[in-house]
Each structure stands twice: as structure tokens, then as C-alpha cells.
$ cat final35.cif   # mmCIF, C-alpha atoms
data_coords
#
loop_
_atom_site.group_PDB
_atom_site.id
_atom_site.type_symbol
_atom_site.label_atom_id
_atom_site.label_comp_id
_atom_site.auth_asym_id
_atom_site.auth_seq_id
_atom_site.Cartn_x
_atom_site.Cartn_y
_atom_site.Cartn_z
ATOM 1 C CA MET A 1002 -68.363 17.811 60.571
ATOM 2 C CA TYR A 1003 -68.976 17.417 56.856
ATOM 3 C CA HIS A 1004 -67.644 18.959 53.676
ATOM 4 C CA LEU A 1005 -68.375 18.740 49.942
ATOM 5 C CA PRO A 1006 -65.226 17.861 47.977
ATOM 6 C CA ASN A 1007 -67.135 16.656 44.916
ATOM 7 C CA ILE A 1008 -69.271 19.681 44.029
ATOM 8 C CA PRO A 1009 -68.279 22.758 41.969
ATOM 9 C CA THR A 1010 -65.615 24.867 43.689
ATOM 10 C CA ILE A 1011 -65.228 28.622 44.028
ATOM 11 C CA TYR A 1012 -62.543 28.387 41.333
ATOM 12 C CA ASP A 1013 -64.883 27.109 38.608
ATOM 13 C CA SER A 1014 -65.622 29.587 35.831
ATOM 14 C CA VAL A 1015 -69.014 28.057 34.996
ATOM 15 C CA VAL A 1016 -71.952 28.069 37.407
ATOM 16 C CA GLN A 1017 -73.665 24.675 37.714
ATOM 17 C CA LYS A 1018 -77.322 23.959 38.467
ATOM 18 C CA PRO A 1019 -78.767 25.001 41.858
ATOM 19 C CA PHE A 1020 -79.024 22.313 44.543
ATOM 20 C CA GLY A 1021 -81.998 23.858 46.315
ATOM 21 C CA TYR A 1022 -85.278 25.448 45.240
ATOM 22 C CA TYR A 1023 -88.227 26.943 47.086
ATOM 23 C CA GLU A 1024 -91.179 29.073 46.051
ATOM 24 C CA SER A 1025 -93.388 31.318 48.182
ATOM 25 C CA LYS A 1026 -96.135 33.641 46.913
ATOM 26 C CA GLY A 1027 -94.532 33.819 43.496
ATOM 27 C CA SER A 1028 -91.007 34.515 44.751
ATOM 28 C CA LYS A 1029 -88.477 31.894 43.693
ATOM 29 C CA PHE A 1030 -85.390 30.980 45.734
ATOM 30 C CA LEU A 1031 -82.522 29.089 44.080
ATOM 31 C CA VAL A 1032 -79.603 27.884 46.223
ATOM 32 C CA TYR A 1033 -76.154 27.400 44.688
ATOM 33 C CA THR A 1034 -73.455 25.664 46.711
ATOM 34 C CA PHE A 1035 -69.704 25.779 46.163
ATOM 35 C CA SER A 1036 -66.874 23.863 47.787
ATOM 36 C CA VAL A 1037 -64.037 25.921 49.245
ATOM 37 C CA SER A 1038 -60.488 24.593 49.178
ATOM 38 C CA VAL A 1039 -57.522 26.901 49.714
ATOM 39 C CA LEU A 1040 -53.919 25.954 48.917
ATOM 40 C CA PRO A 1041 -51.122 26.754 51.400
ATOM 41 C CA GLN A 1042 -49.541 29.485 49.281
ATOM 42 C CA HIS A 1043 -52.662 31.584 49.930
ATOM 43 C CA GLN A 1044 -51.515 32.768 53.349
ATOM 44 C CA ASP A 1045 -54.303 35.322 53.712
ATOM 45 C CA ILE A 1046 -57.057 32.765 53.270
ATOM 46 C CA LEU A 1047 -59.982 35.043 54.078
ATOM 47 C CA THR A 1048 -58.895 37.753 51.632
ATOM 48 C CA HIS A 1049 -58.373 35.175 48.896
ATOM 49 C CA PHE A 1050 -61.762 33.596 49.624
ATOM 50 C CA LYS A 1051 -63.505 36.973 49.415
ATOM 51 C CA GLN A 1052 -61.952 37.590 46.004
ATOM 52 C CA GLN A 1053 -63.160 34.248 44.693
ATOM 53 C CA LYS A 1054 -66.594 34.776 46.268
ATOM 54 C CA ALA A 1055 -66.914 38.085 44.429
ATOM 55 C CA ASN A 1056 -66.209 36.268 41.163
ATOM 56 C CA ILE A 1057 -68.946 33.739 41.912
ATOM 57 C CA ILE A 1058 -71.484 36.476 42.693
ATOM 58 C CA HIS A 1059 -70.548 38.227 39.456
ATOM 59 C CA LEU A 1060 -71.149 35.039 37.452
ATOM 60 C CA LEU A 1061 -74.505 34.487 39.138
ATOM 61 C CA ARG A 1062 -75.600 38.072 38.497
ATOM 62 C CA GLN A 1063 -74.701 37.628 34.832
ATOM 63 C CA GLU A 1064 -76.770 34.443 34.637
ATOM 64 C CA HIS A 1065 -79.739 35.760 36.656
ATOM 65 C CA LYS A 1066 -80.061 39.342 35.458
ATOM 66 C CA LYS A 1067 -83.696 39.644 36.573
ATOM 67 C CA ALA A 1068 -83.081 38.369 40.115
ATOM 68 C CA VAL A 1069 -83.302 40.955 42.892
ATOM 69 C CA HIS A 1070 -81.206 39.488 45.729
ATOM 70 C CA PHE A 1071 -78.091 37.306 45.994
ATOM 71 C CA VAL A 1072 -77.883 36.265 49.634
ATOM 72 C CA GLU A 1073 -74.718 34.587 50.949
ATOM 73 C CA ALA A 1074 -73.657 32.322 53.795
ATOM 74 C CA PHE A 1075 -70.310 30.605 54.226
ATOM 75 C CA ARG A 1076 -68.238 28.539 56.657
ATOM 76 C CA ILE A 1077 -64.550 27.890 55.970
ATOM 77 C CA LEU A 1078 -61.487 26.701 57.857
ATOM 78 C CA ASN A 1079 -58.599 29.130 58.111
ATOM 79 C CA ALA A 1080 -54.881 28.314 58.279
ATOM 80 C CA TYR A 1081 -55.241 27.430 61.972
ATOM 81 C CA ASN A 1082 -58.197 25.073 61.391
ATOM 82 C CA HIS A 1083 -60.563 27.568 63.024
ATOM 83 C CA ILE A 1084 -63.996 28.008 61.470
ATOM 84 C CA VAL A 1085 -64.548 31.424 59.879
ATOM 85 C CA GLU A 1086 -68.166 32.105 58.965
ATOM 86 C CA GLY A 1087 -70.334 34.911 57.732
ATOM 87 C CA SER A 1088 -73.417 35.965 55.806
ATOM 88 C CA HIS A 1089 -74.765 38.852 53.749
ATOM 89 C CA ASP A 1090 -78.423 39.844 53.251
ATOM 90 C CA ASP A 1091 -77.837 41.749 49.976
ATOM 91 C CA GLY A 1092 -80.621 44.252 50.561
ATOM 92 C CA GLU A 1093 -83.094 41.992 52.325
ATOM 93 C CA PRO A 1094 -84.169 43.115 55.833
ATOM 94 C CA LYS A 1095 -81.341 42.608 58.307
ATOM 95 C CA GLY A 1096 -81.274 39.100 59.763
ATOM 96 C CA SER A 1097 -84.034 37.811 57.475
ATOM 97 C CA SER A 1098 -81.955 35.829 54.994
ATOM 98 C CA GLY A 1099 -78.197 35.414 55.332
ATOM 99 C CA MET A 1100 -78.219 34.527 59.030
ATOM 100 C CA PRO A 1101 -81.000 31.921 58.706
ATOM 101 C CA MET A 1102 -78.970 30.284 55.927
ATOM 102 C CA LEU A 1103 -75.871 30.312 58.127
ATOM 103 C CA GLU A 1104 -77.814 28.767 61.003
ATOM 104 C CA VAL A 1105 -78.744 25.846 58.762
ATOM 105 C CA LEU A 1106 -75.100 25.300 57.774
ATOM 106 C CA ARG A 1107 -74.182 25.317 61.462
ATOM 107 C CA GLY A 1108 -76.924 22.856 62.299
ATOM 108 C CA GLU A 1109 -75.877 20.538 59.491
ATOM 109 C CA GLN A 1110 -72.220 20.907 60.591
ATOM 110 C CA ILE A 1111 -71.033 21.700 57.051
ATOM 111 C CA ILE A 1112 -67.702 23.467 56.539
ATOM 112 C CA ASN A 1113 -65.667 24.744 53.584
ATOM 113 C CA ILE A 1114 -68.817 25.779 51.798
ATOM 114 C CA LEU A 1115 -70.227 28.900 50.176
ATOM 115 C CA CYS A 1116 -73.991 29.100 49.603
ATOM 116 C CA VAL A 1117 -75.668 31.755 47.496
ATOM 117 C CA CYS A 1118 -79.447 32.000 47.350
ATOM 118 C CA VAL A 1119 -80.767 33.817 44.277
ATOM 119 C CA ARG A 1120 -84.200 35.364 44.744
ATOM 120 C CA TYR A 1121 -86.663 36.306 42.038
ATOM 121 C CA PHE A 1122 -89.363 38.625 43.419
ATOM 122 C CA GLY A 1123 -92.881 37.362 42.818
ATOM 123 C CA GLY A 1124 -94.757 40.611 43.357
ATOM 124 C CA THR A 1125 -95.860 40.012 46.956
ATOM 125 C CA LYS A 1126 -93.804 41.024 49.992
ATOM 126 C CA LEU A 1127 -93.220 38.145 52.391
ATOM 127 C CA GLY A 1128 -92.387 40.082 55.539
ATOM 128 C CA VAL A 1129 -89.434 39.279 57.770
ATOM 129 C CA GLY A 1130 -90.985 36.084 59.108
ATOM 130 C CA GLY A 1131 -91.854 34.887 55.624
ATOM 131 C CA LEU A 1132 -88.350 35.619 54.385
ATOM 132 C CA VAL A 1133 -86.771 33.714 57.268
ATOM 133 C CA ARG A 1134 -88.935 30.684 56.470
ATOM 134 C CA ALA A 1135 -88.277 30.919 52.737
ATOM 135 C CA TYR A 1136 -84.485 31.206 52.930
ATOM 136 C CA THR A 1137 -84.329 28.553 55.632
ATOM 137 C CA GLN A 1138 -86.408 26.098 53.617
ATOM 138 C CA ALA A 1139 -84.504 26.796 50.408
ATOM 139 C CA ILE A 1140 -81.153 25.903 51.942
ATOM 140 C CA LEU A 1141 -82.644 22.952 53.819
ATOM 141 C CA ASN A 1142 -83.855 21.642 50.460
ATOM 142 C CA ALA A 1143 -80.317 22.089 49.106
ATOM 143 C CA CYS A 1144 -78.868 20.132 52.043
ATOM 144 C CA THR A 1145 -81.379 17.338 51.456
ATOM 145 C CA THR A 1146 -80.327 17.119 47.806
ATOM 146 C CA LEU A 1147 -76.640 17.026 48.769
ATOM 147 C CA LYS A 1148 -77.320 14.214 51.248
ATOM 148 C CA ASN A 1149 -79.459 12.207 48.828
ATOM 149 C CA ASP A 1150 -76.789 12.533 46.121
ATOM 150 C CA GLY A 1151 -74.112 11.310 48.530
ATOM 151 C CA LEU A 1152 -72.155 14.574 48.296
ATOM 152 C CA LEU A 1153 -71.853 15.298 52.027
ATOM 153 C CA ILE A 1154 -68.634 13.614 53.132
ATOM 154 C CA GLU A 1155 -67.347 13.344 56.694
ATOM 155 C CA TYR A 1156 -64.506 15.794 57.153
ATOM 156 C CA HIS A 1157 -61.087 14.730 58.394
ATOM 157 C CA ALA A 1158 -58.545 17.399 59.275
ATOM 158 C CA HIS A 1159 -55.883 17.975 56.626
ATOM 159 C CA SER A 1160 -52.368 19.241 57.090
ATOM 160 C CA PHE A 1161 -49.332 20.069 54.974
ATOM 161 C CA LEU A 1162 -45.858 18.598 55.237
ATOM 162 C CA ASP A 1163 -42.703 20.112 53.749
ATOM 163 C CA LEU A 1164 -39.791 17.755 53.207
ATOM 164 C CA GLU A 1165 -36.469 17.699 51.388
ATOM 165 C CA ASP A 1166 -34.551 14.654 50.211
ATOM 166 C CA LYS A 1167 -32.130 13.367 47.609
ATOM 167 C CA SER A 1168 -33.497 13.258 44.070
ATOM 168 C CA SER A 1169 -32.650 9.557 43.995
ATOM 169 C CA GLN A 1170 -35.342 8.989 46.640
ATOM 170 C CA TYR A 1171 -38.065 10.765 44.634
ATOM 171 C CA ASN A 1172 -39.643 7.628 43.154
ATOM 172 C CA TYR A 1173 -39.726 5.938 46.548
ATOM 173 C CA ILE A 1174 -41.313 9.002 48.162
ATOM 174 C CA THR A 1175 -43.992 9.325 45.464
ATOM 175 C CA HIS A 1176 -44.749 5.623 45.922
ATOM 176 C CA LEU A 1177 -45.353 6.239 49.631
ATOM 177 C CA ILE A 1178 -47.440 9.294 48.867
ATOM 178 C CA LYS A 1179 -49.786 7.247 46.682
ATOM 179 C CA GLN A 1180 -49.820 4.402 49.192
ATOM 180 C CA TYR A 1181 -51.016 6.698 51.976
ATOM 181 C CA HIS A 1182 -53.510 8.649 49.836
ATOM 182 C CA LEU A 1183 -51.609 11.926 49.969
ATOM 183 C CA GLU A 1184 -51.247 14.672 47.381
ATOM 184 C CA ILE A 1185 -48.194 16.568 46.151
ATOM 185 C CA VAL A 1186 -49.065 20.267 46.257
ATOM 186 C CA SER A 1187 -45.717 21.539 45.004
ATOM 187 C CA LYS A 1188 -42.292 20.179 44.104
ATOM 188 C CA THR A 1189 -38.936 21.773 43.312
ATOM 189 C CA PHE A 1190 -35.816 20.011 42.060
ATOM 190 C CA CYS A 1191 -32.567 21.609 43.282
ATOM 191 C CA GLU A 1192 -29.508 19.968 41.743
ATOM 192 C CA SER A 1193 -29.238 16.688 43.661
ATOM 193 C CA HIS A 1194 -32.203 17.338 45.982
ATOM 194 C CA VAL A 1195 -35.965 17.664 45.713
ATOM 195 C CA LYS A 1196 -38.309 19.718 47.890
ATOM 196 C CA LEU A 1197 -41.928 18.649 48.255
ATOM 197 C CA THR A 1198 -45.047 20.001 49.920
ATOM 198 C CA ILE A 1199 -47.509 17.220 50.677
ATOM 199 C CA LYS A 1200 -51.161 17.529 51.635
ATOM 200 C CA GLY A 1201 -53.402 14.926 53.242
ATOM 201 C CA GLU A 1202 -55.481 13.840 56.204
ATOM 202 C CA ASP A 1203 -53.599 14.070 59.498
ATOM 203 C CA ARG A 1204 -53.903 10.325 60.104
ATOM 204 C CA HIS A 1205 -52.432 9.563 56.674
ATOM 205 C CA ILE A 1206 -49.617 12.073 57.170
ATOM 206 C CA GLN A 1207 -48.627 10.365 60.422
ATOM 207 C CA ALA A 1208 -48.720 6.903 58.851
ATOM 208 C CA PHE A 1209 -46.600 8.190 55.973
ATOM 209 C CA LEU A 1210 -44.020 9.598 58.404
ATOM 210 C CA GLN A 1211 -43.755 6.300 60.250
ATOM 211 C CA GLN A 1212 -42.724 4.596 57.027
ATOM 212 C CA TYR A 1213 -40.704 7.501 55.684
ATOM 213 C CA LYS A 1214 -38.425 7.687 58.725
ATOM 214 C CA CYS A 1215 -36.878 4.414 57.577
ATOM 215 C CA ILE A 1216 -34.857 6.390 54.982
ATOM 216 C CA ASN A 1217 -32.568 9.391 55.342
ATOM 217 C CA HIS A 1218 -34.666 12.547 55.167
ATOM 218 C CA THR A 1219 -35.127 16.112 56.255
ATOM 219 C CA ILE A 1220 -38.505 17.488 57.315
ATOM 220 C CA LEU A 1221 -38.701 21.263 56.995
#
$ encode --input "final35.cif" --output "C-alpha cells"
Amino acid sequence: MYHLPNIPTIYDSVVQKPFGYYESKGSKFLVYTFSVSVLPQHQDILTHFKQQKANIIHLLRQEHKKAVHFVEAFRILNAYNHIVEGSHDDGEPKGSSGMPMLEVLRGEQIINILCVCVRYFGGTKLGVGGLVRAYTQAILNACTTLKNDGLLIEYHAHSFLDLEDKSSQYNYITHLIKQYHLEIVSKTFCESHVKLTIKGEDRHIQAFLQQYKCINHTIL
């Protein structure tokens, strides 16, 4: 599977340029892609994602006031590392737009992504078959751009680790965290102790633990 850690995220307040473009009989299709990353404190990941997605759609509608459709497709990992996916046709004939976009994301094995295709009507109806081809080609063009720009990165499963230790060990722990390419998500100092939540690839977490067990520690 692949993900896109280096493109605009659903948390950005400014919409970047589209990654895909396609034109058919005067209608223009612009594909915007956003990376999805959810922190552990967002326990209801899907609800939080939907809120952020609504913000993105609002920004796109503000930027493309003459566009007629804003079709969506997404694939994200939930708290149990299960893929949650969906699509929305936004007024296009059922199954003619959102689902074809989702099928492309499945075929390309891309996760943690939100795609929105903005359509400008060109004056000629394309029919269901024409719409399927147009939305499919638009997102395929976006995927080609992402590949050519080196933005599709192989995905490795991430996990979170909670630990508590003496404050005197903090510098040593942060040294290990950097050494094993991990990230501190949150930290709390409590008198003589410190509590940390660490995020990273599973393989790096395990390597970190092998070294960390050499000191006195408590894993929550």
C-alpha cells in the first residue's frame, strides 16, 4: 500500500493546486488530493475526518464558485488499522463519479487520502458512461502526477506507545526516539516523572523497545 505524507493535508487552511486535470466536451475536471493523518486523541476518527472533509469542501466551493459538482472519494485507516472508504457523487448520476474515483484509489492501493474532483460544466451532457470515463481519467491523471513527482510513498504501519519514566531519563529517551526515527506526540511532566506518547513505524517502535528495556521504565 501507498500513502502521501508530503502533500497538503486535510488540516491545511489553503487549497493548493490540483494534481489532476481532464477535459471532455467542454467540461473540465480538476482533482485535488489531500493527505489524511489523525492523531490518537481523536478517538472517533471517522467523525473527525468528516468534519475536516467538510472544511475542505467549503474551501473548494469558495475558490470554484462557478463549478457545479464537487465529487469525493476517500480511503483512510481507522484506530484498528482497518481501511474505511467512501465516495459521494454530489448530484451526478448515482455511481457515475464518486465510485469510479474510489475504484482507482483501490487499484492504486493508496490509503489515508481524500480526493475531490471539481467539475465545471461545459454545456454538453456526457451521459453516465462519459462521466465514468471522465472522472476515472481525471483521477488517473492525478495519480500519474503524484507518481512522477515522487509523492507516493510505500506505507508502513504506525503505532503509538505510551510510557512513563523518571524525568532524569528524559534526555536519554529523546535521544533514542531520534535514533529510531520516532515522533513525540505528547509529553507531560509530573513532578519527578515524565509521560510520553510516541508515534512511529511498528518496526522502529520494536527496535526502540529493545534498546529502551536496558533502563528502568514503565510502559503504559
$ resolve_selection --input "final35.cif" --expression "the PyMOL selection byres ((chain A and resi 1025) around 10)" --output "list of chain:residue names"
A:Tyr1023, A:Glu1024, A:Lys1026, A:Gly1027, A:Ser1028, A:Lys1029, A:Phe1030, A:Phe1122, A:Gly1123, A:Thr1125, A:Lys1126, A:Leu1127, A:Gly1131, A:Leu1132, A:Arg1134, A:Ala1135
$ closest_residue --input "final35.cif" --among "A:Gln1207, A:Gln1170, A:Thr1146, A:Asn1079" --to "Ile1112 of chain A" --atoms "all atoms listed in the file"
A:Asn1079
$ resolve_selection --input "final35.cif" --expression "the PyMOL selection byres ((chain A and resi 1100) around 10)" --output "PDB file with C-alpha atoms, in the frame of the given file"
ATOM      1  CA  VAL A1072     -77.883  36.265  49.634  1.00  0.00           C
ATOM      2  CA  GLU A1073     -74.718  34.587  50.949  1.00  0.00           C
ATOM      3  CA  ALA A1074     -73.657  32.322  53.795  1.00  0.00           C
ATOM      4  CA  GLY A1087     -70.334  34.911  57.732  1.00  0.00           C
ATOM      5  CA  SER A1088     -73.417  35.965  55.806  1.00  0.00           C
ATOM      6  CA  HIS A1089     -74.765  38.852  53.749  1.00  0.00           C
ATOM      7  CA  ASP A1090     -78.423  39.844  53.251  1.00  0.00           C
ATOM      8  CA  LYS A1095     -81.341  42.608  58.307  1.00  0.00           C
ATOM      9  CA  GLY A1096     -81.274  39.100  59.763  1.00  0.00           C
ATOM     10  CA  SER A1097     -84.034  37.811  57.475  1.00  0.00           C
ATOM     11  CA  SER A1098     -81.955  35.829  54.994  1.00  0.00           C
ATOM     12  CA  GLY A1099     -78.197  35.414  55.332  1.00  0.00           C
ATOM     13  CA  PRO A1101     -81.000  31.921  58.706  1.00  0.00           C
ATOM     14  CA  MET A1102     -78.970  30.284  55.927  1.00  0.00           C
ATOM     15  CA  LEU A1103     -75.871  30.312  58.127  1.00  0.00           C
ATOM     16  CA  GLU A1104     -77.814  28.767  61.003  1.00  0.00           C
ATOM     17  CA  VAL A1105     -78.744  25.846  58.762  1.00  0.00           C
ATOM     18  CA  LEU A1106     -75.100  25.300  57.774  1.00  0.00           C
ATOM     19  CA  VAL A1133     -86.771  33.714  57.268  1.00  0.00           C
ATOM     20  CA  TYR A1136     -84.485  31.206  52.930  1.00  0.00           C
ATOM     21  CA  THR A1137     -84.329  28.553  55.632  1.00  0.00           C
TER      22      THR A1137
END
$ closest_residue --input "final35.cif" --among "A:Ala1208, A:Ile1046, A:Ala1143, A:Ile1058" --to "Ile1178 of chain A" --atoms "only C-alpha atoms"
A:Ala1208
$ residues_around --input "final35.cif" --residues "Pro1019 of chain A" --least-positions-apart "6" --cutoff "6 Å" --atoms "all atoms listed in the file" --output "JSON, numbers by chain"
{"A": [1031, 1032, 1033]}
$ axis_aligned_box --input "final35.cif" --around "segment 1092-1108 of chain A" --padding-each-side "4 Å" --output "JSON"
{"center_x": -79.2, "center_y": 33.6, "center_z": 56.4, "size_x": 18.0, "size_y": 29.4, "size_z": 19.7}
$ atom_distance --input "final35.cif" --atom1 "atom CA of Leu1141 of chain A" --atom2 "atom CA of Ile1114 of chain A"
14.3 Å
$ residues_around --input "final35.cif" --residues "segment 1195-1201 of chain A" --least-positions-apart "2" --cutoff "7 Å" --atoms "only C-alpha atoms" --output "list in words"
His1159, Ser1160, Phe1161, Leu1162, Asp1163, Leu1164, Glu1165, Asp1166, Lys1167, Ser1168, Leu1183, Glu1184, Ile1185, Val1186, Ser1187, Lys1188, Thr1189, Phe1190, Cys1191, Asp1203, His1205 and Ile1206 of chain A
$ write_last_selection --input "final35.cif" --atoms "C-alpha atoms" --output "mmCIF file, in the frame of the given file"
data_model
loop_
_atom_site.group_PDB
_atom_site.id
_atom_site.type_symbol
_atom_site.label_atom_id
_atom_site.label_comp_id
_atom_site.auth_asym_id
_atom_site.auth_seq_id
_atom_site.Cartn_x
_atom_site.Cartn_y
_atom_site.Cartn_z
ATOM 1 C CA HIS A 1159 -55.883 17.975 56.626
ATOM 2 C CA SER A 1160 -52.368 19.241 57.090
ATOM 3 C CA PHE A 1161 -49.332 20.069 54.974
ATOM 4 C CA LEU A 1162 -45.858 18.598 55.237
ATOM 5 C CA ASP A 1163 -42.703 20.112 53.749
ATOM 6 C CA LEU A 1164 -39.791 17.755 53.207
ATOM 7 C CA GLU A 1165 -36.469 17.699 51.388
ATOM 8 C CA ASP A 1166 -34.551 14.654 50.211
ATOM 9 C CA LYS A 1167 -32.130 13.367 47.609
ATOM 10 C CA SER A 1168 -33.497 13.258 44.070
ATOM 11 C CA LEU A 1183 -51.609 11.926 49.969
ATOM 12 C CA GLU A 1184 -51.247 14.672 47.381
ATOM 13 C CA ILE A 1185 -48.194 16.568 46.151
ATOM 14 C CA VAL A 1186 -49.065 20.267 46.257
ATOM 15 C CA SER A 1187 -45.717 21.539 45.004
ATOM 16 C CA LYS A 1188 -42.292 20.179 44.104
ATOM 17 C CA THR A 1189 -38.936 21.773 43.312
ATOM 18 C CA PHE A 1190 -35.816 20.011 42.060
ATOM 19 C CA CYS A 1191 -32.567 21.609 43.282
ATOM 20 C CA ASP A 1203 -53.599 14.070 59.498
ATOM 21 C CA HIS A 1205 -52.432 9.563 56.674
ATOM 22 C CA ILE A 1206 -49.617 12.073 57.170
#
$ closest_residue --input "final35.cif" --among "A:Leu1061, A:Ile1111, A:Cys1116, A:Leu1047" --to "Phe1075 of chain A" --atoms "only C-alpha atoms"
A:Cys1116
$ atom_distance --input "final35.cif" --atom1 "atom CA of Glu1093 of chain A" --atom2 "atom CA of Val1117 of chain A"
13.5 Å
$ closest_residue --input "final35.cif" --among "A:Ile1174, A:Ala1068, A:Ala1080, A:Ile1140" --to "Tyr1022 of chain A" --atoms "all atoms listed in the file"
A:Ile1140
$ atom_distance --input "final35.cif" --atom1 "atom CA of Arg1204 of chain A" --atom2 "atom CA of Thr1175 of chain A"
17.7 Å
$ resolve_selection --input "final35.cif" --expression "the PyMOL selection byres ((chain A and resi 1054) around 10)" --output "JSON, numbers by chain"
{"A": [1011, 1012, 1035, 1037, 1048, 1049, 1050, 1051, 1052, 1053, 1055, 1056, 1057, 1058, 1059, 1060, 1073, 1075, 1115, 1116, 1117]}
$ closest_residue --input "final35.cif" --among "A:Glu1192, A:Glu1109, A:Lys1214, A:Val1119" --to "Leu1147 of chain A" --atoms "all atoms listed in the file"
A:Glu1109
$ decode --input "final35.cif" --residues "segment 1179-1205 of chain A" --atoms "N, CA and C atoms" --output "PDB file, in the first residue's frame"
ATOM      1  N   LYS A1179      14.935   9.910  18.553  1.00  0.00           N
ATOM      2  CA  LYS A1179      15.525  10.428  17.316  1.00  0.00           C
ATOM      3  C   LYS A1179      16.293   9.336  16.582  1.00  0.00           C
ATOM      4  N   GLN A1180      17.001   8.521  17.339  1.00  0.00           N
ATOM      5  CA  GLN A1180      17.810   7.452  16.745  1.00  0.00           C
ATOM      6  C   GLN A1180      16.962   6.466  15.949  1.00  0.00           C
ATOM      7  N   TYR A1181      15.747   6.203  16.450  1.00  0.00           N
ATOM      8  CA  TYR A1181      14.882   5.220  15.798  1.00  0.00           C
ATOM      9  C   TYR A1181      13.758   5.874  14.987  1.00  0.00           C
ATOM     10  N   HIS A1182      13.945   7.135  14.643  1.00  0.00           N
ATOM     11  CA  HIS A1182      13.038   7.845  13.720  1.00  0.00           C
ATOM     12  C   HIS A1182      11.594   7.857  14.212  1.00  0.00           C
ATOM     13  N   LEU A1183      11.431   8.093  15.501  1.00  0.00           N
ATOM     14  CA  LEU A1183      10.098   8.177  16.091  1.00  0.00           C
ATOM     15  C   LEU A1183       9.727   9.634  16.341  1.00  0.00           C
ATOM     16  N   GLU A1184       8.491   9.835  16.762  1.00  0.00           N
ATOM     17  CA  GLU A1184       7.972  11.188  16.973  1.00  0.00           C
ATOM     18  C   GLU A1184       7.242  11.261  18.310  1.00  0.00           C
ATOM     19  N   ILE A1185       7.515  12.303  19.077  1.00  0.00           N
ATOM     20  CA  ILE A1185       6.794  12.527  20.327  1.00  0.00           C
ATOM     21  C   ILE A1185       5.487  13.243  20.002  1.00  0.00           C
ATOM     22  N   VAL A1186       4.363  12.579  20.296  1.00  0.00           N
ATOM     23  CA  VAL A1186       3.057  13.153  20.025  1.00  0.00           C
ATOM     24  C   VAL A1186       2.609  14.038  21.183  1.00  0.00           C
ATOM     25  N   SER A1187       2.887  13.585  22.405  1.00  0.00           N
ATOM     26  CA  SER A1187       2.533  14.380  23.578  1.00  0.00           C
ATOM     27  C   SER A1187       3.488  14.047  24.724  1.00  0.00           C
ATOM     28  N   LYS A1188       3.661  15.015  25.619  1.00  0.00           N
ATOM     29  CA  LYS A1188       4.510  14.780  26.790  1.00  0.00           C
ATOM     30  C   LYS A1188       3.967  15.582  27.966  1.00  0.00           C
ATOM     31  N   THR A1189       4.062  14.983  29.159  1.00  0.00           N
ATOM     32  CA  THR A1189       3.586  15.613  30.379  1.00  0.00           C
ATOM     33  C   THR A1189       4.594  15.365  31.493  1.00  0.00           C
ATOM     34  N   PHE A1190       5.052  16.431  32.121  1.00  0.00           N
ATOM     35  CA  PHE A1190       5.976  16.306  33.245  1.00  0.00           C
ATOM     36  C   PHE A1190       5.179  16.321  34.544  1.00  0.00           C
ATOM     37  N   CYS A1191       5.364  15.301  35.375  1.00  0.00           N
ATOM     38  CA  CYS A1191       4.653  15.172  36.645  1.00  0.00           C
ATOM     39  C   CYS A1191       5.683  15.037  37.773  1.00  0.00           C
ATOM     40  N   GLU A1192       5.997  16.145  38.401  1.00  0.00           N
ATOM     41  CA  GLU A1192       6.972  16.173  39.481  1.00  0.00           C
ATOM     42  C   GLU A1192       8.279  15.517  39.025  1.00  0.00           C
ATOM     43  N   SER A1193       8.555  14.316  39.503  1.00  0.00           N
ATOM     44  CA  SER A1193       9.834  13.680  39.168  1.00  0.00           C
ATOM     45  C   SER A1193       9.735  12.727  37.985  1.00  0.00           C
ATOM     46  N   HIS A1194       8.534  12.653  37.352  1.00  0.00           N
ATOM     47  CA  HIS A1194       8.344  11.725  36.242  1.00  0.00           C
ATOM     48  C   HIS A1194       7.879  12.464  34.975  1.00  0.00           C
ATOM     49  N   VAL A1195       8.025  11.782  33.865  1.00  0.00           N
ATOM     50  CA  VAL A1195       7.544  12.308  32.589  1.00  0.00           C
ATOM     51  C   VAL A1195       6.752  11.222  31.877  1.00  0.00           C
ATOM     52  N   LYS A1196       5.633  11.620  31.274  1.00  0.00           N
ATOM     53  CA  LYS A1196       4.805  10.706  30.496  1.00  0.00           C
ATOM     54  C   LYS A1196       4.872  11.111  29.026  1.00  0.00           C
ATOM     55  N   LEU A1197       5.108  10.135  28.167  1.00  0.00           N
ATOM     56  CA  LEU A1197       5.262  10.405  26.745  1.00  0.00           C
ATOM     57  C   LEU A1197       4.354   9.492  25.924  1.00  0.00           C
ATOM     58  N   THR A1198       3.844  10.033  24.834  1.00  0.00           N
ATOM     59  CA  THR A1198       3.191   9.232  23.800  1.00  0.00           C
ATOM     60  C   THR A1198       4.046   9.350  22.549  1.00  0.00           C
ATOM     61  N   ILE A1199       4.472   8.200  22.042  1.00  0.00           N
ATOM     62  CA  ILE A1199       5.401   8.157  20.915  1.00  0.00           C
ATOM     63  C   ILE A1199       4.712   7.505  19.717  1.00  0.00           C
ATOM     64  N   LYS A1200       4.977   8.050  18.550  1.00  0.00           N
ATOM     65  CA  LYS A1200       4.402   7.526  17.316  1.00  0.00           C
ATOM     66  C   LYS A1200       5.518   7.127  16.365  1.00  0.00           C
ATOM     67  N   GLY A1201       5.312   6.029  15.632  1.00  0.00           N
ATOM     68  CA  GLY A1201       6.309   5.633  14.640  1.00  0.00           C
ATOM     69  C   GLY A1201       5.930   4.334  13.956  1.00  0.00           C
ATOM     70  N   GLU A1202       6.738   3.942  12.981  1.00  0.00           N
ATOM     71  CA  GLU A1202       6.510   2.674  12.299  1.00  0.00           C
ATOM     72  C   GLU A1202       6.686   1.533  13.295  1.00  0.00           C
ATOM     73  N   ASP A1203       5.886   0.483  13.131  1.00  0.00           N
ATOM     74  CA  ASP A1203       5.929  -0.646  14.056  1.00  0.00           C
ATOM     75  C   ASP A1203       7.342  -1.197  14.217  1.00  0.00           C
ATOM     76  N   ARG A1204       8.063  -1.323  13.106  1.00  0.00           N
ATOM     77  CA  ARG A1204       9.410  -1.897  13.161  1.00  0.00           C
ATOM     78  C   ARG A1204      10.349  -1.008  13.969  1.00  0.00           C
ATOM     79  N   HIS A1205      10.167   0.312  13.886  1.00  0.00           N
ATOM     80  CA  HIS A1205      11.009   1.228  14.640  1.00  0.00           C
ATOM     81  C   HIS A1205      10.632   1.233  16.120  1.00  0.00           C
TER      82      HIS A1205
END
